>>> print(open('start.cif').read())   # mmCIF, C-alpha atoms
data_work
loop_
_atom_site.group_PDB
_atom_site.id
_atom_site.type_symbol
_atom_site.label_atom_id
_atom_site.label_comp_id
_atom_site.auth_asym_id
_atom_site.auth_seq_id
_atom_site.Cartn_x
_atom_site.Cartn_y
_atom_site.Cartn_z
ATOM 1 C CA MET A 97 -1.827 -20.701 -0.801
ATOM 2 C CA ILE A 98 -1.513 -19.280 -4.311
ATOM 3 C CA PHE A 99 -2.086 -21.662 -7.237
ATOM 4 C CA LYS A 100 -0.839 -21.056 -10.790
ATOM 5 C CA GLN A 101 -1.329 -22.906 -14.058
ATOM 6 C CA PHE A 102 1.358 -25.536 -14.346
ATOM 7 C CA GLY A 103 2.847 -25.230 -17.804
ATOM 8 C CA PRO A 104 0.654 -26.644 -20.576
ATOM 9 C CA THR A 105 -1.279 -28.996 -18.286
ATOM 10 C CA GLY A 106 -4.370 -26.835 -17.928
ATOM 11 C CA ILE A 107 -4.418 -27.451 -14.183
ATOM 12 C CA ASP A 108 -3.475 -25.220 -11.270
ATOM 13 C CA VAL A 109 -0.706 -26.291 -8.892
ATOM 14 C CA PRO A 110 0.377 -24.550 -5.674
ATOM 15 C CA VAL A 111 3.261 -22.148 -6.042
ATOM 16 C CA LEU A 112 4.900 -23.860 -3.060
ATOM 17 C CA GLY A 113 5.172 -27.636 -2.948
ATOM 18 C CA GLN A 114 7.139 -30.059 -0.815
ATOM 19 C CA GLY A 115 10.453 -31.637 -1.695
ATOM 20 C CA THR A 116 11.667 -34.884 -0.137
ATOM 21 C CA TRP A 117 15.371 -35.019 -0.982
ATOM 22 C CA ASP A 118 17.376 -36.006 2.110
ATOM 23 C CA ILE A 119 14.409 -36.292 4.482
ATOM 24 C CA PRO A 120 15.095 -38.385 7.610
ATOM 25 C CA GLU A 121 14.614 -42.089 6.922
ATOM 26 C CA ARG A 122 14.292 -43.551 10.401
ATOM 27 C CA GLY A 123 13.300 -42.988 13.999
ATOM 28 C CA ALA A 124 11.546 -40.043 15.579
ATOM 29 C CA ARG A 125 12.821 -37.626 12.928
ATOM 30 C CA LEU A 126 11.150 -39.707 10.247
ATOM 31 C CA ASP A 127 7.865 -39.667 12.144
ATOM 32 C CA GLU A 128 8.093 -35.884 12.400
ATOM 33 C CA ALA A 129 8.893 -35.609 8.677
ATOM 34 C CA LYS A 130 5.751 -37.592 7.853
ATOM 35 C CA ARG A 131 3.705 -35.286 10.087
ATOM 36 C CA ALA A 132 5.273 -32.308 8.308
ATOM 37 C CA ILE A 133 4.249 -33.665 4.899
ATOM 38 C CA ARG A 134 0.665 -34.192 6.038
ATOM 39 C CA ARG A 135 0.598 -30.738 7.633
ATOM 40 C CA GLY A 136 1.850 -29.286 4.384
ATOM 41 C CA VAL A 137 -0.999 -30.971 2.536
ATOM 42 C CA GLU A 138 -3.425 -29.406 5.024
ATOM 43 C CA LEU A 139 -1.895 -26.051 4.060
ATOM 44 C CA ASP A 140 -2.514 -26.804 0.350
ATOM 45 C CA MET A 141 1.118 -27.672 -0.374
ATOM 46 C CA VAL A 142 -0.103 -30.688 -2.326
ATOM 47 C CA HIS A 143 2.683 -30.791 -4.937
ATOM 48 C CA LEU A 144 4.824 -33.604 -3.495
ATOM 49 C CA ASP A 145 8.127 -34.232 -5.223
ATOM 50 C CA THR A 146 10.336 -37.298 -4.936
ATOM 51 C CA ALA A 147 12.591 -39.532 -7.061
ATOM 52 C CA GLU A 148 13.768 -43.105 -7.256
ATOM 53 C CA MET A 149 17.279 -41.834 -6.500
ATOM 54 C CA TYR A 150 16.328 -40.499 -3.072
ATOM 55 C CA GLY A 151 17.414 -43.076 -0.543
ATOM 56 C CA ALA A 152 17.617 -45.639 -3.372
ATOM 57 C CA GLY A 153 13.813 -45.781 -3.447
ATOM 58 C CA ARG A 154 13.331 -45.614 0.305
ATOM 59 C CA VAL A 155 12.054 -42.026 0.220
ATOM 60 C CA GLU A 156 9.323 -42.935 -2.268
ATOM 61 C CA GLU A 157 8.204 -45.613 0.188
ATOM 62 C CA LEU A 158 8.219 -43.139 3.066
ATOM 63 C CA LEU A 159 6.224 -40.596 1.067
ATOM 64 C CA GLY A 160 3.708 -43.322 0.252
ATOM 65 C CA GLN A 161 3.356 -44.026 3.958
ATOM 66 C CA ALA A 162 2.971 -40.318 4.758
ATOM 67 C CA ILE A 163 0.101 -39.840 2.307
ATOM 68 C CA ALA A 164 -1.702 -43.091 3.080
ATOM 69 C CA GLY A 165 -5.389 -42.409 3.652
ATOM 70 C CA LEU A 166 -5.327 -38.960 2.034
ATOM 71 C CA ASP A 167 -7.454 -38.113 -0.990
ATOM 72 C CA ARG A 168 -5.153 -39.211 -3.832
ATOM 73 C CA ASP A 169 -6.919 -37.061 -6.412
ATOM 74 C CA ALA A 170 -6.264 -33.944 -4.328
ATOM 75 C CA LEU A 171 -2.506 -34.514 -4.504
ATOM 76 C CA PHE A 172 -0.009 -33.711 -7.263
ATOM 77 C CA ILE A 173 2.688 -36.391 -6.972
ATOM 78 C CA ALA A 174 5.893 -36.155 -8.977
ATOM 79 C CA SER A 175 8.787 -38.571 -9.293
ATOM 80 C CA LYS A 176 11.844 -39.034 -11.516
ATOM 81 C CA VAL A 177 13.703 -41.771 -13.333
ATOM 82 C CA LEU A 178 17.484 -41.947 -13.054
ATOM 83 C CA PRO A 179 19.406 -41.560 -16.321
ATOM 84 C CA SER A 180 20.971 -44.958 -15.634
ATOM 85 C CA ASN A 181 17.447 -46.431 -15.722
ATOM 86 C CA ALA A 182 16.367 -44.446 -18.789
ATOM 87 C CA GLY A 183 15.770 -45.628 -22.326
ATOM 88 C CA TYR A 184 12.447 -47.097 -23.424
ATOM 89 C CA ALA A 185 11.794 -50.375 -21.610
ATOM 90 C CA GLN A 186 13.898 -49.346 -18.632
ATOM 91 C CA THR A 187 11.876 -46.151 -18.076
ATOM 92 C CA LEU A 188 8.602 -48.073 -18.195
ATOM 93 C CA ALA A 189 9.952 -50.523 -15.618
ATOM 94 C CA ALA A 190 11.335 -47.743 -13.398
ATOM 95 C CA CYS A 191 7.948 -46.021 -13.321
ATOM 96 C CA GLU A 192 6.258 -49.253 -12.266
ATOM 97 C CA ARG A 193 8.718 -49.599 -9.383
ATOM 98 C CA SER A 194 8.058 -46.024 -8.273
ATOM 99 C CA LEU A 195 4.308 -46.588 -8.345
ATOM 100 C CA ARG A 196 4.684 -49.680 -6.162
ATOM 101 C CA ARG A 197 6.893 -47.899 -3.656
ATOM 102 C CA LEU A 198 4.524 -44.937 -3.457
ATOM 103 C CA ASN A 199 1.527 -47.292 -3.347
ATOM 104 C CA VAL A 200 -0.389 -45.251 -5.913
ATOM 105 C CA GLU A 201 -1.935 -46.166 -9.251
ATOM 106 C CA TYR A 202 -0.655 -43.157 -11.158
ATOM 107 C CA LEU A 203 1.725 -40.204 -10.959
ATOM 108 C CA ASP A 204 0.777 -36.669 -11.828
ATOM 109 C CA LEU A 205 4.247 -35.920 -13.180
ATOM 110 C CA TYR A 206 7.124 -38.177 -14.212
ATOM 111 C CA MET A 207 10.491 -36.719 -15.179
ATOM 112 C CA LEU A 208 13.925 -37.702 -16.420
ATOM 113 C CA HIS A 209 16.180 -36.666 -13.531
ATOM 114 C CA TRP A 210 18.984 -35.263 -15.689
ATOM 115 C CA PRO A 211 20.396 -35.789 -19.198
ATOM 116 C CA GLY A 212 22.319 -39.036 -19.415
ATOM 117 C CA ASN A 213 23.886 -41.500 -21.838
ATOM 118 C CA GLU A 214 20.741 -43.383 -22.835
ATOM 119 C CA PRO A 215 19.170 -42.169 -26.110
ATOM 120 C CA LEU A 216 16.949 -39.238 -25.143
ATOM 121 C CA GLU A 217 14.551 -40.021 -27.966
ATOM 122 C CA GLU A 218 13.773 -43.426 -26.450
ATOM 123 C CA THR A 219 13.212 -41.961 -22.991
ATOM 124 C CA MET A 220 10.832 -39.326 -24.344
ATOM 125 C CA ARG A 221 8.968 -42.064 -26.214
ATOM 126 C CA ALA A 222 8.666 -44.034 -22.989
ATOM 127 C CA LEU A 223 7.316 -41.014 -21.121
ATOM 128 C CA GLU A 224 4.641 -40.571 -23.777
ATOM 129 C CA THR A 225 3.773 -44.260 -23.505
ATOM 130 C CA LEU A 226 3.343 -43.911 -19.750
ATOM 131 C CA VAL A 227 0.794 -41.145 -20.346
ATOM 132 C CA GLU A 228 -1.045 -43.373 -22.835
ATOM 133 C CA GLN A 229 -1.065 -46.179 -20.251
ATOM 134 C CA GLY A 230 -2.454 -43.903 -17.536
ATOM 135 C CA LYS A 231 0.662 -44.335 -15.372
ATOM 136 C CA THR A 232 1.390 -40.598 -15.346
ATOM 137 C CA ARG A 233 -0.720 -37.603 -16.273
ATOM 138 C CA PHE A 234 2.131 -35.336 -17.385
ATOM 139 C CA ILE A 235 5.807 -35.588 -18.260
ATOM 140 C CA GLY A 236 8.799 -33.374 -17.682
ATOM 141 C CA VAL A 237 12.539 -33.161 -17.217
ATOM 142 C CA SER A 238 14.943 -32.024 -14.539
ATOM 143 C CA ASN A 239 18.326 -30.299 -14.757
ATOM 144 C CA PHE A 240 17.901 -29.584 -18.482
ATOM 145 C CA ASP A 241 19.385 -26.430 -19.963
ATOM 146 C CA VAL A 242 17.794 -24.735 -22.959
ATOM 147 C CA ASP A 243 19.651 -26.792 -25.574
ATOM 148 C CA ASP A 244 18.629 -30.005 -23.766
ATOM 149 C CA LEU A 245 15.008 -28.843 -23.673
ATOM 150 C CA ILE A 246 15.003 -28.076 -27.375
ATOM 151 C CA GLU A 247 16.341 -31.552 -28.152
ATOM 152 C CA ALA A 248 13.814 -33.273 -25.871
ATOM 153 C CA GLN A 249 10.938 -31.356 -27.455
ATOM 154 C CA THR A 250 11.910 -32.539 -30.943
ATOM 155 C CA TYR A 251 11.294 -36.149 -29.899
ATOM 156 C CA LEU A 252 7.785 -35.642 -28.509
ATOM 157 C CA ARG A 253 4.859 -36.613 -30.714
ATOM 158 C CA THR A 254 1.758 -36.619 -28.507
ATOM 159 C CA GLN A 255 2.746 -34.763 -25.320
ATOM 160 C CA ARG A 256 4.347 -31.508 -24.256
ATOM 161 C CA LEU A 257 6.895 -31.031 -21.524
ATOM 162 C CA ALA A 258 5.069 -29.835 -18.433
ATOM 163 C CA CYS A 259 8.118 -28.607 -16.563
ATOM 164 C CA ASP A 260 11.844 -28.394 -16.085
ATOM 165 C CA GLN A 261 12.975 -28.814 -12.476
ATOM 166 C CA VAL A 262 16.220 -26.949 -11.764
ATOM 167 C CA LEU A 263 18.468 -25.717 -8.994
ATOM 168 C CA TYR A 264 17.491 -22.112 -8.219
ATOM 169 C CA HIS A 265 18.240 -20.015 -5.161
ATOM 170 C CA LEU A 266 19.613 -16.561 -4.399
ATOM 171 C CA GLN A 267 23.189 -17.650 -4.981
ATOM 172 C CA GLU A 268 22.332 -19.629 -8.141
ATOM 173 C CA ARG A 269 20.317 -17.306 -10.355
ATOM 174 C CA GLY A 270 21.754 -18.224 -13.745
ATOM 175 C CA VAL A 271 18.452 -19.789 -14.837
ATOM 176 C CA GLU A 272 16.909 -16.312 -14.940
ATOM 177 C CA HIS A 273 18.860 -15.371 -18.064
ATOM 178 C CA ARG A 274 17.890 -17.983 -20.647
ATOM 179 C CA LEU A 275 16.025 -20.885 -19.089
ATOM 180 C CA ILE A 276 13.133 -19.152 -17.338
ATOM 181 C CA PRO A 277 12.417 -16.847 -20.321
ATOM 182 C CA TYR A 278 12.604 -19.788 -22.756
ATOM 183 C CA CYS A 279 10.217 -21.835 -20.629
ATOM 184 C CA ALA A 280 7.833 -18.888 -20.305
ATOM 185 C CA GLN A 281 7.825 -18.460 -24.071
ATOM 186 C CA HIS A 282 7.098 -22.147 -24.641
ATOM 187 C CA GLY A 283 4.592 -22.652 -21.834
ATOM 188 C CA ILE A 284 6.837 -24.827 -19.653
ATOM 189 C CA ALA A 285 6.736 -24.553 -15.862
ATOM 190 C CA VAL A 286 10.012 -24.112 -13.995
ATOM 191 C CA VAL A 287 10.210 -25.873 -10.630
ATOM 192 C CA ALA A 288 12.987 -24.626 -8.367
ATOM 193 C CA TYR A 289 14.575 -27.173 -6.064
ATOM 194 C CA THR A 290 16.888 -26.396 -3.115
ATOM 195 C CA PRO A 291 15.461 -22.857 -2.858
ATOM 196 C CA PHE A 292 17.432 -22.149 0.320
ATOM 197 C CA GLY A 293 20.728 -23.261 -1.165
ATOM 198 C CA ARG A 294 23.237 -25.582 0.385
ATOM 199 C CA GLY A 295 25.791 -25.571 3.157
ATOM 200 C CA ARG A 296 25.908 -22.361 5.160
ATOM 201 C CA PHE A 297 23.336 -20.580 3.035
ATOM 202 C CA PRO A 298 20.931 -19.046 3.943
ATOM 203 C CA ARG A 299 22.309 -18.684 7.477
ATOM 204 C CA ASP A 300 25.105 -16.378 6.350
ATOM 205 C CA ALA A 301 22.942 -14.669 3.739
ATOM 206 C CA VAL A 302 19.920 -13.631 5.791
ATOM 207 C CA LYS A 303 21.363 -11.897 8.823
ATOM 208 C CA ALA A 304 19.013 -9.419 10.435
ATOM 209 C CA ASP A 305 21.052 -6.470 9.171
ATOM 210 C CA GLY A 306 21.289 -7.867 5.628
ATOM 211 C CA ALA A 307 18.997 -7.203 2.673
ATOM 212 C CA VAL A 308 16.764 -10.246 3.161
ATOM 213 C CA GLY A 309 16.605 -9.762 6.917
ATOM 214 C CA ARG A 310 15.553 -6.131 6.557
ATOM 215 C CA ILE A 311 12.892 -7.024 3.982
ATOM 216 C CA ALA A 312 11.576 -9.755 6.268
ATOM 217 C CA ALA A 313 11.238 -7.325 9.164
ATOM 218 C CA LYS A 314 9.527 -4.776 6.924
ATOM 219 C CA HIS A 315 6.824 -7.280 5.906
ATOM 220 C CA ALA A 316 6.635 -9.074 9.264
ATOM 221 C CA ARG A 317 7.826 -12.237 7.536
ATOM 222 C CA THR A 318 10.795 -14.555 7.959
ATOM 223 C CA PRO A 319 13.864 -14.577 5.707
ATOM 224 C CA ARG A 320 12.865 -17.964 4.300
ATOM 225 C CA GLN A 321 9.440 -16.606 3.391
ATOM 226 C CA VAL A 322 11.074 -13.676 1.607
ATOM 227 C CA ILE A 323 13.277 -16.052 -0.374
ATOM 228 C CA LEU A 324 10.358 -18.237 -1.458
ATOM 229 C CA ASN A 325 8.331 -15.192 -2.454
ATOM 230 C CA PHE A 326 11.208 -13.803 -4.503
ATOM 231 C CA LEU A 327 11.955 -17.048 -6.326
ATOM 232 C CA THR A 328 8.332 -17.529 -7.388
ATOM 233 C CA ARG A 329 7.755 -13.967 -8.567
ATOM 234 C CA GLU A 330 7.618 -15.001 -12.252
ATOM 235 C CA PRO A 331 4.306 -16.503 -13.436
ATOM 236 C CA ASN A 332 5.854 -19.778 -14.620
ATOM 237 C CA VAL A 333 8.067 -20.503 -11.578
ATOM 238 C CA PHE A 334 7.195 -22.836 -8.693
ATOM 239 C CA THR A 335 9.344 -24.200 -5.887
ATOM 240 C CA ILE A 336 9.506 -27.321 -3.714
ATOM 241 C CA PRO A 337 11.243 -26.558 -0.394
ATOM 242 C CA LYS A 338 11.886 -29.519 1.856
ATOM 243 C CA ALA A 339 10.664 -29.376 5.452
ATOM 244 C CA SER A 340 11.251 -32.163 7.959
ATOM 245 C CA THR A 341 9.360 -30.550 10.848
ATOM 246 C CA VAL A 342 5.874 -29.155 11.243
ATOM 247 C CA PRO A 343 7.041 -25.640 12.223
ATOM 248 C CA HIS A 344 9.299 -25.499 9.172
ATOM 249 C CA VAL A 345 6.565 -26.500 6.727
ATOM 250 C CA GLU A 346 4.222 -23.972 8.350
ATOM 251 C CA GLU A 347 6.877 -21.308 7.884
ATOM 252 C CA ASN A 348 7.349 -22.266 4.234
ATOM 253 C CA ALA A 349 3.622 -21.985 3.612
ATOM 254 C CA GLY A 350 3.846 -18.292 4.493
ATOM 255 C CA GLY A 351 6.104 -17.640 1.533
ATOM 256 C CA THR A 352 3.207 -16.816 -0.774
ATOM 257 C CA GLY A 353 0.029 -14.735 -0.714
ATOM 258 C CA TRP A 354 1.791 -11.384 -0.351
ATOM 259 C CA THR A 355 3.967 -9.235 -2.610
ATOM 260 C CA LEU A 356 7.492 -7.874 -2.524
ATOM 261 C CA ASP A 357 7.602 -4.286 -3.717
ATOM 262 C CA PRO A 358 10.037 -2.945 -6.354
ATOM 263 C CA SER A 359 12.455 -1.629 -3.738
ATOM 264 C CA ASP A 360 12.598 -5.096 -2.172
ATOM 265 C CA LEU A 361 13.396 -6.697 -5.515
ATOM 266 C CA ALA A 362 16.091 -4.101 -6.183
ATOM 267 C CA ALA A 363 17.666 -4.700 -2.772
ATOM 268 C CA ILE A 364 17.802 -8.465 -3.360
ATOM 269 C CA ASP A 365 19.253 -7.917 -6.826
ATOM 270 C CA GLN A 366 21.987 -5.768 -5.339
ATOM 271 C CA ALA A 367 22.769 -8.230 -2.532
ATOM 272 C CA PHE A 368 22.610 -11.325 -4.753
ATOM 273 C CA PRO A 369 23.466 -10.304 -8.318
ATOM 274 C CA SER A 370 22.216 -12.519 -11.116
ATOM 275 C CA HIS A 371 24.979 -13.783 -13.398
ATOM 276 C CA ASP A 372 24.477 -15.754 -16.577
ATOM 277 C CA ALA A 373 26.121 -19.154 -16.149
ATOM 278 C CA PRO A 374 25.729 -22.776 -17.247
ATOM 279 C CA LEU A 375 22.865 -24.557 -15.540
ATOM 280 C CA ALA A 376 23.824 -25.764 -12.076
ATOM 281 C CA SER A 377 22.671 -29.246 -11.085
ATOM 282 C CA LEU A 378 23.045 -31.999 -8.497
#
>>> encode(input="start.cif", output="structure tokens")
Amino acid sequence: MIFKQFGPTGIDVPVLGQGTWDIPERGARLDEAKRAIRRGVELDMVHLDTAEMYGAGRVEELLGQAIAGLDRDALFIASKVLPSNAGYAQTLAACERSLRRLNVEYLDLYMLHWPGNEPLEETMRALETLVEQGKTRFIGVSNFDVDDLIEAQTYLRTQRLACDQVLYHLQERGVEHRLIPYCAQHGIAVVAYTPFGRGRFPRDAVKADGAVGRIAAKHARTPRQVILNFLTREPNVFTIPKASTVPHVEENAGGTGWTLDPSDLAAIDQAFPSHDAPLASL
């Protein structure tokens, strides 16, 4: 697994982490999802991302169960506060609830899930307070476009934004035009969620005779591994694919540690053109 410095934190985080949005919440599929998370940790995919929104808190509980008994300090655990629970006192309380559900004493990263109606200045102040209290090591945001990032940064007094977590996949490449360059310039990590897209993608997009399929065959990789490699090609970009089975997480882990050549990048650009567009979100 390749590790890169995560924004201004001074620590290295794996290029590929593990998302938990929409993981199974019951039965045998849940048990397999927990095994997948632990297998991912064995493969150094120790960046574990969740949110209070996922399953109305249930997914945080399930992640806490999955990591029980593991070395907490070896993990990089991230969660998010809903905009409806933002503000100053509300954010502090939301973080406490997340910590209880995860059964951990601190988070490595706590983010505002998307811009909302609560005063952003108060939420940023709360995030800084949580760092002072030792409840989270770093703070960030999710689904923020450049103008939102600039505003959030003006309210910070003692901390810097570690990351912006955004939707980014081959059919949603708008973040490449302004957001990723802005974050690179200001030392902010970009964390791509839903890297395989939604709905029928990537099934329709990675046919064997298509660009991604041909590149996969050329490198003896899978289409998903090609996609993950492509999305994390910039130094400040990470991604958090979800995997609910052990084989899937093992496949994801093979998305780094090798390099796409210029002809591969050109072929993907031609097949999936990058268009400047407003930031896509949930």
>>> residues_around(input="start.cif", residues="A:Glu138", least_positions_apart="2", cutoff="12 Å", atoms="all atoms listed in the file", output="count of residues only")
21
>>> resolve_selection(input="start.cif", expression="the PyMOL selection byres ((chain A and resi 213) around 9)", output="PyMOL selection string")
chain A and resi 179-180+182+211-212+214-216
>>> write_last_selection(input="start.cif", atoms="C-alpha atoms", output="mmCIF file, in the coordinates of the input")
data_model
loop_
_atom_site.group_PDB
_atom_site.id
_atom_site.type_symbol
_atom_site.label_atom_id
_atom_site.label_comp_id
_atom_site.auth_asym_id
_atom_site.auth_seq_id
_atom_site.Cartn_x
_atom_site.Cartn_y
_atom_site.Cartn_z
ATOM 1 C CA PRO A 179 19.406 -41.560 -16.321
ATOM 2 C CA SER A 180 20.971 -44.958 -15.634
ATOM 3 C CA ALA A 182 16.367 -44.446 -18.789
ATOM 4 C CA PRO A 211 20.396 -35.789 -19.198
ATOM 5 C CA GLY A 212 22.319 -39.036 -19.415
ATOM 6 C CA GLU A 214 20.741 -43.383 -22.835
ATOM 7 C CA PRO A 215 19.170 -42.169 -26.110
ATOM 8 C CA LEU A 216 16.949 -39.238 -25.143
#
>>> resolve_selection(input="start.cif", expression="the PyMOL selection byres ((chain A and resi 174) around 7)", output="ChimeraX atom specification")
/A:144-146,172-173,175,203-206
>>> closest_residue(input="start.cif", among="A:His344, A:Lys176, A:His371, A:Lys130", to="A:Arg269", atoms="only C-alpha atoms")
A:His371
>>> closest_residue(input="start.cif", among="A:Thr225, A:Gln114, A:Gln101, A:Asn325", to="A:Ala185", atoms="all atoms listed in the file")
A:Thr225
>>> atom_distance(input="start.cif", atom1="atom CA of A:His273", atom2="atom CA of A:Glu330")
12.7 Å
>>> closest_residue(input="start.cif", among="A:Ala162, A:Ile311, A:Met220, A:Ile323", to="A:Leu126", atoms="all atoms listed in the file")
A:Ala162
>>> closest_residue(input="start.cif", among="A:Ala129, A:Val237, A:Ala164, A:Leu195", to="A:Leu178", atoms="all atoms listed in the file")
A:Val237
>>> decode(input="start.cif", residues="stretch 149-157 of chain A", atoms="all heavy atoms", output="PDB file, in the first residue's frame")
ATOM      1  N   MET A 149     -24.642  10.250   9.699  1.00  0.00           N
ATOM      2  CA  MET A 149     -25.784  10.094   8.797  1.00  0.00           C
ATOM      3  C   MET A 149     -25.988   8.648   8.365  1.00  0.00           C
ATOM      4  O   MET A 149     -27.115   8.211   8.124  1.00  0.00           O
ATOM      5  CB  MET A 149     -25.591  10.969   7.560  1.00  0.00           C
ATOM      6  CG  MET A 149     -26.774  10.943   6.594  1.00  0.00           C
ATOM      7  SD  MET A 149     -26.444  11.809   5.048  1.00  0.00           S
ATOM      8  CE  MET A 149     -25.516  10.550   4.156  1.00  0.00           C
ATOM      9  N   TYR A 150     -24.914   7.892   8.249  1.00  0.00           N
ATOM     10  CA  TYR A 150     -24.996   6.548   7.683  1.00  0.00           C
ATOM     11  C   TYR A 150     -25.793   5.642   8.619  1.00  0.00           C
ATOM     12  O   TYR A 150     -25.366   5.346   9.743  1.00  0.00           O
ATOM     13  CB  TYR A 150     -23.604   5.967   7.456  1.00  0.00           C
ATOM     14  CG  TYR A 150     -22.715   6.776   6.533  1.00  0.00           C
ATOM     15  CD1 TYR A 150     -21.351   6.514   6.462  1.00  0.00           C
ATOM     16  CD2 TYR A 150     -23.217   7.808   5.739  1.00  0.00           C
ATOM     17  CE1 TYR A 150     -20.519   7.254   5.626  1.00  0.00           C
ATOM     18  CE2 TYR A 150     -22.394   8.537   4.908  1.00  0.00           C
ATOM     19  CZ  TYR A 150     -21.055   8.263   4.859  1.00  0.00           C
ATOM     20  OH  TYR A 150     -20.218   8.992   4.043  1.00  0.00           O
ATOM     21  N   GLY A 151     -26.936   5.208   8.131  1.00  0.00           N
ATOM     22  CA  GLY A 151     -27.784   4.347   8.949  1.00  0.00           C
ATOM     23  C   GLY A 151     -28.236   5.012  10.225  1.00  0.00           C
ATOM     24  O   GLY A 151     -28.515   4.331  11.215  1.00  0.00           O
ATOM     25  N   ALA A 152     -28.328   6.363  10.220  1.00  0.00           N
ATOM     26  CA  ALA A 152     -28.738   7.117  11.404  1.00  0.00           C
ATOM     27  C   ALA A 152     -27.894   6.735  12.625  1.00  0.00           C
ATOM     28  O   ALA A 152     -28.405   6.575  13.731  1.00  0.00           O
ATOM     29  CB  ALA A 152     -30.225   6.920  11.691  1.00  0.00           C
ATOM     30  N   GLY A 153     -26.602   6.588  12.419  1.00  0.00           N
ATOM     31  CA  GLY A 153     -25.680   6.245  13.498  1.00  0.00           C
ATOM     32  C   GLY A 153     -25.358   4.768  13.602  1.00  0.00           C
ATOM     33  O   GLY A 153     -24.361   4.390  14.228  1.00  0.00           O
ATOM     34  N   ARG A 154     -26.169   3.938  12.988  1.00  0.00           N
ATOM     35  CA  ARG A 154     -25.967   2.493  13.083  1.00  0.00           C
ATOM     36  C   ARG A 154     -24.631   2.073  12.479  1.00  0.00           C
ATOM     37  O   ARG A 154     -23.956   1.190  13.016  1.00  0.00           O
ATOM     38  CB  ARG A 154     -27.124   1.774  12.390  1.00  0.00           C
ATOM     39  CG  ARG A 154     -26.995   0.272  12.261  1.00  0.00           C
ATOM     40  CD  ARG A 154     -26.999  -0.424  13.584  1.00  0.00           C
ATOM     41  NE  ARG A 154     -27.043  -1.879  13.413  1.00  0.00           N
ATOM     42  CZ  ARG A 154     -26.591  -2.737  14.304  1.00  0.00           C
ATOM     43  NH1 ARG A 154     -26.078  -2.302  15.445  1.00  0.00           N
ATOM     44  NH2 ARG A 154     -26.664  -4.039  14.084  1.00  0.00           N
ATOM     45  N   VAL A 155     -24.231   2.690  11.382  1.00  0.00           N
ATOM     46  CA  VAL A 155     -22.985   2.286  10.721  1.00  0.00           C
ATOM     47  C   VAL A 155     -21.779   2.620  11.587  1.00  0.00           C
ATOM     48  O   VAL A 155     -20.799   1.861  11.622  1.00  0.00           O
ATOM     49  CB  VAL A 155     -22.882   2.925   9.325  1.00  0.00           C
ATOM     50  CG1 VAL A 155     -21.507   2.673   8.704  1.00  0.00           C
ATOM     51  CG2 VAL A 155     -23.973   2.365   8.408  1.00  0.00           C
ATOM     52  N   GLU A 156     -21.811   3.725  12.307  1.00  0.00           N
ATOM     53  CA  GLU A 156     -20.720   4.011  13.245  1.00  0.00           C
ATOM     54  C   GLU A 156     -20.617   2.890  14.275  1.00  0.00           C
ATOM     55  O   GLU A 156     -19.511   2.452  14.621  1.00  0.00           O
ATOM     56  CB  GLU A 156     -20.961   5.348  13.942  1.00  0.00           C
ATOM     57  CG  GLU A 156     -20.726   6.556  13.043  1.00  0.00           C
ATOM     58  CD  GLU A 156     -20.931   7.860  13.777  1.00  0.00           C
ATOM     59  OE1 GLU A 156     -21.872   7.953  14.590  1.00  0.00           O
ATOM     60  OE2 GLU A 156     -20.147   8.807  13.542  1.00  0.00           O
ATOM     61  N   GLU A 157     -21.747   2.432  14.784  1.00  0.00           N
ATOM     62  CA  GLU A 157     -21.739   1.334  15.744  1.00  0.00           C
ATOM     63  C   GLU A 157     -21.131   0.077  15.132  1.00  0.00           C
ATOM     64  O   GLU A 157     -20.315  -0.609  15.766  1.00  0.00           O
ATOM     65  CB  GLU A 157     -23.158   1.039  16.218  1.00  0.00           C
ATOM     66  CG  GLU A 157     -23.795   2.156  17.023  1.00  0.00           C
ATOM     67  CD  GLU A 157     -25.231   1.835  17.394  1.00  0.00           C
ATOM     68  OE1 GLU A 157     -25.763   0.812  16.895  1.00  0.00           O
ATOM     69  OE2 GLU A 157     -25.825   2.606  18.163  1.00  0.00           O
TER      70      GLU A 157
END
